[in-house]
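Single-structure report; data block below.
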Amino acid sequence: MNIILFESHELDHPLPRRDERTIHLLKVLHKKPGDTFEAGLLGGGLGYGCIESIRLDGAVIFSLDLKDSPPPRAPIRAAVGFPRPIQLRRLLRDLSSLGIEAVDLMGTELGEKSYRDTRLISGGGARAALIEGAVQARDTSIPELTVYSGLEAWLAGRPWEEKDRQIRIRQGPFLVALDNVRPEGSFARFPALSRPVTLAVGPERGWSDRERDLLEEAGFIRLSMGSRALRTETACTAAVVLALEKSGALG
């Protein structure tokens, strides 16, 4: 854990003895009463915490001093065809740690339909993975996560449109669909980008021809990242890193 992250409902209660954050503070960091640690409030500020005391039952009483703002999230949205649940957990963690604004999960024609039934979403595992990514990145915010039944529903919803932004952007987002079967160019060779990016990443079996047509009609340009067939999580993470680099977010 790079920071100890709290939620608002936890602020008036001690950390239980068996909480993983308590174990990390006392067993890994070897903190004692009076010691400070890096801390943050989910959806709030960053700063430091202090261990005020340790109760007889092992619970940790703490205080927080959170005066710093979290790092800004990059204006990148990633829409992903449902991968295997074990891959999905890793993917959500990594996308959260990379600091993108939003993640959309969607069914696809060539994707395994059983993957959509994962309890990771309804059971809270997806949110836990996003929080884990924030902890890794010393952040207090997580990407917005939305689930769509399929590509058509996602395209119809057009969640990439900037309706709710306080600061309007003259140009709409750059719309990219990763495709190494019928690409129109290479993502790696694209020049620097000065506007938000929306990435559409299909399942391991790729897009169907009908889905390619739908993406093209919606204004997406199909770009490849080489001739190799990548796992969904690998392709998505690599594409996000490319988008971050081209938008200057890594500088």
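Ligands are numbered from 1 in the order shown, residues from 1 within each chain, and chains are lettered A, B, ... in the order they appear in the structure tokens.
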Task: Selection near stretch 2-8 of chain A, 6 Å with only C-alpha atoms, sequence-local residues under 3 positions removed, as an MDAnalysis selection string - done: chainID A and resid 11 38:42 135:136 138
Would you save the residues of that selection, restricted to N, CA and C atoms, as a PDB file, in the first residue's frame?
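To be explicit, this is the file written out as part.pdb:
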```pdb
ATOM      1  N   LEU A  11     -14.415   7.430   9.130  1.00  0.00           N
ATOM      2  CA  LEU A  11     -13.619   8.440   9.820  1.00  0.00           C
ATOM      3  C   LEU A  11     -13.882   8.505  11.317  1.00  0.00           C
ATOM      4  N   GLU A  38       1.253   8.134   5.203  1.00  0.00           N
ATOM      5  CA  GLU A  38       0.567   8.762   4.076  1.00  0.00           C
ATOM      6  C   GLU A  38      -0.870   8.264   4.015  1.00  0.00           C
ATOM      7  N   ALA A  39      -1.806   9.191   3.828  1.00  0.00           N
ATOM      8  CA  ALA A  39      -3.221   8.826   3.887  1.00  0.00           C
ATOM      9  C   ALA A  39      -4.024   9.651   2.887  1.00  0.00           C
ATOM     10  N   GLY A  40      -5.244   9.189   2.653  1.00  0.00           N
ATOM     11  CA  GLY A  40      -6.148   9.912   1.772  1.00  0.00           C
ATOM     12  C   GLY A  40      -7.582   9.517   2.057  1.00  0.00           C
ATOM     13  N   LEU A  41      -8.509  10.347   1.587  1.00  0.00           N
ATOM     14  CA  LEU A  41      -9.938  10.090   1.716  1.00  0.00           C
ATOM     15  C   LEU A  41     -10.498   9.842   0.330  1.00  0.00           C
ATOM     16  N   LEU A  42     -11.137   8.694   0.135  1.00  0.00           N
ATOM     17  CA  LEU A  42     -11.680   8.362  -1.178  1.00  0.00           C
ATOM     18  C   LEU A  42     -12.641   9.460  -1.633  1.00  0.00           C
ATOM     19  N   VAL A 135      -4.830   3.276  -4.575  1.00  0.00           N
ATOM     20  CA  VAL A 135      -3.849   3.150  -3.497  1.00  0.00           C
ATOM     21  C   VAL A 135      -2.442   3.005  -4.076  1.00  0.00           C
ATOM     22  N   GLN A 136      -2.318   2.208  -5.121  1.00  0.00           N
ATOM     23  CA  GLN A 136      -1.020   2.028  -5.772  1.00  0.00           C
ATOM     24  C   GLN A 136      -0.475   3.353  -6.298  1.00  0.00           C
ATOM     25  N   ARG A 138      -1.137   6.427  -5.290  1.00  0.00           N
ATOM     26  CA  ARG A 138      -1.241   7.537  -4.328  1.00  0.00           C
ATOM     27  C   ARG A 138      -2.313   8.530  -4.786  1.00  0.00           C
TER      28      ARG A 138
END
```
Open item on the list: Going by DSSP on the backbone, which residues of stretch 51-200 of chain A come out as helix (DSSP H, G or I)? List them as a VMD selection string.
Closed with: chain A and resid 85 to 98 113 to 117 119 to 122 125 to 136 151 to 157 187 to 189
- [ ] For A:Gly111, work out the shell of residues within 7 Å, counting only C-alpha atoms and skipping chain neighbours fewer than 3 positions away, then give it as a list of chain:residue names.
- [x]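 Neighbouring residues, sequence-local ones excluded: A:Gly81, A:Phe82, A:Gly107, A:Thr108, A:Pro203, A:Arg205.
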Would you export the selected residues with N, CA and C atoms as a PDB file, in the first residue's frame, please?
```pdb
ATOM      1  N   GLY A  81     -14.460  -4.831 -24.208  1.00  0.00           N
ATOM      2  CA  GLY A  81     -15.269  -6.040 -24.258  1.00  0.00           C
ATOM      3  C   GLY A  81     -14.921  -6.937 -23.089  1.00  0.00           C
ATOM      4  N   PHE A  82     -15.914  -7.472 -22.399  1.00  0.00           N
ATOM      5  CA  PHE A  82     -15.693  -8.224 -21.165  1.00  0.00           C
ATOM      6  C   PHE A  82     -14.588  -9.271 -21.329  1.00  0.00           C
ATOM      7  N   GLY A 107     -20.660  -6.026 -23.598  1.00  0.00           N
ATOM      8  CA  GLY A 107     -20.681  -7.288 -24.314  1.00  0.00           C
ATOM      9  C   GLY A 107     -20.325  -7.054 -25.774  1.00  0.00           C
ATOM     10  N   THR A 108     -19.782  -8.071 -26.416  1.00  0.00           N
ATOM     11  CA  THR A 108     -19.436  -7.994 -27.837  1.00  0.00           C
ATOM     12  C   THR A 108     -19.867  -9.283 -28.518  1.00  0.00           C
ATOM     13  N   PRO A 203     -12.854  -7.912 -27.504  1.00  0.00           N
ATOM     14  CA  PRO A 203     -12.418  -9.101 -26.773  1.00  0.00           C
ATOM     15  C   PRO A 203     -11.218  -9.734 -27.484  1.00  0.00           C
ATOM     16  N   ARG A 205     -11.036 -12.287 -29.274  1.00  0.00           N
ATOM     17  CA  ARG A 205     -11.361 -12.713 -30.639  1.00  0.00           C
ATOM     18  C   ARG A 205     -11.576 -11.538 -31.581  1.00  0.00           C
TER      19      ARG A 205
END
```
Task: Distance criterion (only C-alpha atoms): nearest to A:Asp179 out of A:Ala239, A:Ala126, A:Asp65, A:Arg195 - done: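 Of all the options, A:Ala239 lies closest to A:Asp179.
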Open item on the list: If we count only C-alpha atoms and set the cut-off at 10 Å, which residues sit around stretch 114-124 of chain A, ignoring sequence neighbours fewer than 2 positions away in its own chain? Please answer as a list in words.
Closed with: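 Close residues of stretch 114-124 of chain A: Gly81, Phe82, Pro83, Arg84, Pro85, Ile86, Leu88, Arg89, Leu105, Met106, Gly107, Thr108, Gly111, Glu112, Ala126, Arg127, Ala128, Ala129, Leu145, Thr146, Val147, Tyr148, Ser149 and Gly150 of chain A.
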Take the residues that were just selected and, keeping C-alpha atoms, output them as a short mmCIF file (atom, residue, chain, number, x, y, z; two decimals), in the first residue's frame.
```cif
data_model
loop_
_atom_site.label_atom_id
_atom_site.label_comp_id
_atom_site.auth_asym_id
_atom_site.auth_seq_id
_atom_site.Cartn_x
_atom_site.Cartn_y
_atom_site.Cartn_z
CA GLY A 81 -15.27 -6.04 -24.26
CA PHE A 82 -15.69 -8.22 -21.17
CA PRO A 83 -12.49 -10.22 -20.53
CA ARG A 84 -12.16 -13.23 -18.21
CA PRO A 85 -13.09 -12.23 -14.64
CA ILE A 86 -9.54 -12.82 -13.35
CA LEU A 88 -10.94 -7.99 -15.44
CA ARG A 89 -9.86 -7.51 -11.83
CA LEU A 105 -17.51 -2.65 -19.88
CA MET A 106 -19.61 -4.08 -22.69
CA GLY A 107 -20.68 -7.29 -24.31
CA THR A 108 -19.44 -7.99 -27.84
CA GLY A 111 -16.76 -12.25 -26.72
CA GLU A 112 -17.54 -15.10 -24.33
CA ALA A 126 -14.73 -4.31 -9.34
CA ARG A 127 -14.88 -1.29 -7.04
CA ALA A 128 -12.32 -2.90 -4.75
CA ALA A 129 -9.98 -3.34 -7.73
CA LEU A 145 -17.30 2.46 -14.09
CA THR A 146 -20.33 1.70 -16.30
CA VAL A 147 -21.60 -1.58 -17.74
CA TYR A 148 -23.36 -1.85 -21.13
CA SER A 149 -25.15 -4.84 -22.59
CA GLY A 150 -23.31 -4.55 -25.88
#
```
TODO: Between A:Leu214, A:Leu199, A:Cys236, A:Ile23, single out the one closest to A:Pro75, counting only C-alpha atoms.
DONE: A:Leu199
Task: Non-local contacts of stretch 44-57 of chain A (10 Å; only C-alpha atoms; under 6 positions in same chain excluded) as a PyMOL selection string - done: chain A and resi 3-8+14-17+25-26+31-38+63-71+138-141
Using the selection just defined, write its residues with C-alpha atoms as a short mmCIF file (atom, residue, chain, number, x, y, z; two decimals), in the first residue's frame.
```
data_model
loop_
_atom_site.label_atom_id
_atom_site.label_comp_id
_atom_site.auth_asym_id
_atom_site.auth_seq_id
_atom_site.Cartn_x
_atom_site.Cartn_y
_atom_site.Cartn_z
CA ILE A 3 -1.22 5.26 0.95
CA ILE A 4 -3.79 4.27 3.53
CA LEU A 5 -7.10 5.15 1.93
CA PHE A 6 -10.25 5.73 3.97
CA GLU A 7 -13.90 6.15 3.08
CA SER A 8 -16.00 8.88 4.68
CA PRO A 14 -11.05 2.94 14.67
CA LEU A 15 -9.48 0.60 12.16
CA PRO A 16 -10.28 -2.99 13.22
CA ARG A 17 -7.40 -5.26 14.17
CA LEU A 25 0.52 -0.21 9.29
CA LEU A 26 1.56 -2.34 12.25
CA LYS A 31 4.15 2.02 12.96
CA LYS A 32 3.54 2.85 16.61
CA PRO A 33 1.39 5.39 18.46
CA GLY A 34 2.53 8.87 17.50
CA ASP A 35 3.83 7.80 14.09
CA THR A 36 2.49 9.32 10.88
CA PHE A 37 1.65 7.68 7.56
CA GLU A 38 0.57 8.76 4.08
CA SER A 63 -6.45 11.18 13.02
CA LEU A 64 -6.10 12.67 9.54
CA ASP A 65 -4.64 15.88 8.14
CA LEU A 66 -5.58 16.00 4.44
CA LYS A 67 -4.68 19.31 2.82
CA ASP A 68 -3.44 18.26 -0.62
CA SER A 69 -5.45 17.66 -3.79
CA PRO A 70 -5.25 14.33 -5.61
CA PRO A 71 -3.51 14.17 -8.99
CA ARG A 138 -1.24 7.54 -4.33
CA ASP A 139 -4.61 8.80 -5.54
CA THR A 140 -7.96 9.32 -3.85
CA SER A 141 -10.19 9.18 -6.93
#
```
Open item on the list: Which residue is closest to A:Val80? Choose from A:Leu242, A:Met225, A:Leu151, A:Leu98 and count only C-alpha atoms.
Closed with: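 Between A:Leu242, A:Met225, A:Leu151, A:Leu98, the residue approaching A:Val80 most closely is A:Leu151.
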- [ ] Select, from A:Leu193, A:Trp154, A:Ser227, A:Pro173, the residue with the minimum atom-to-atom distance to A:Glu211, counting only C-alpha atoms.
- [x]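 Selected residue with least distance to A:Glu211: A:Trp154.
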- [ ] Just the strand (DSSP E) stuff from stretch 62-236 of chain A, please, per backbone DSSP, written as JSON, numbers by chain.
- [x] {"A": [62, 63, 64, 65, 66, 67, 68, 74, 75, 76, 77, 78, 79, 80, 81, 100, 101, 102, 103, 104, 105, 106, 144, 145, 146, 147, 148, 174, 175, 176, 177, 178, 185, 186, 197, 198, 199, 200, 201, 221, 222, 223, 224]}
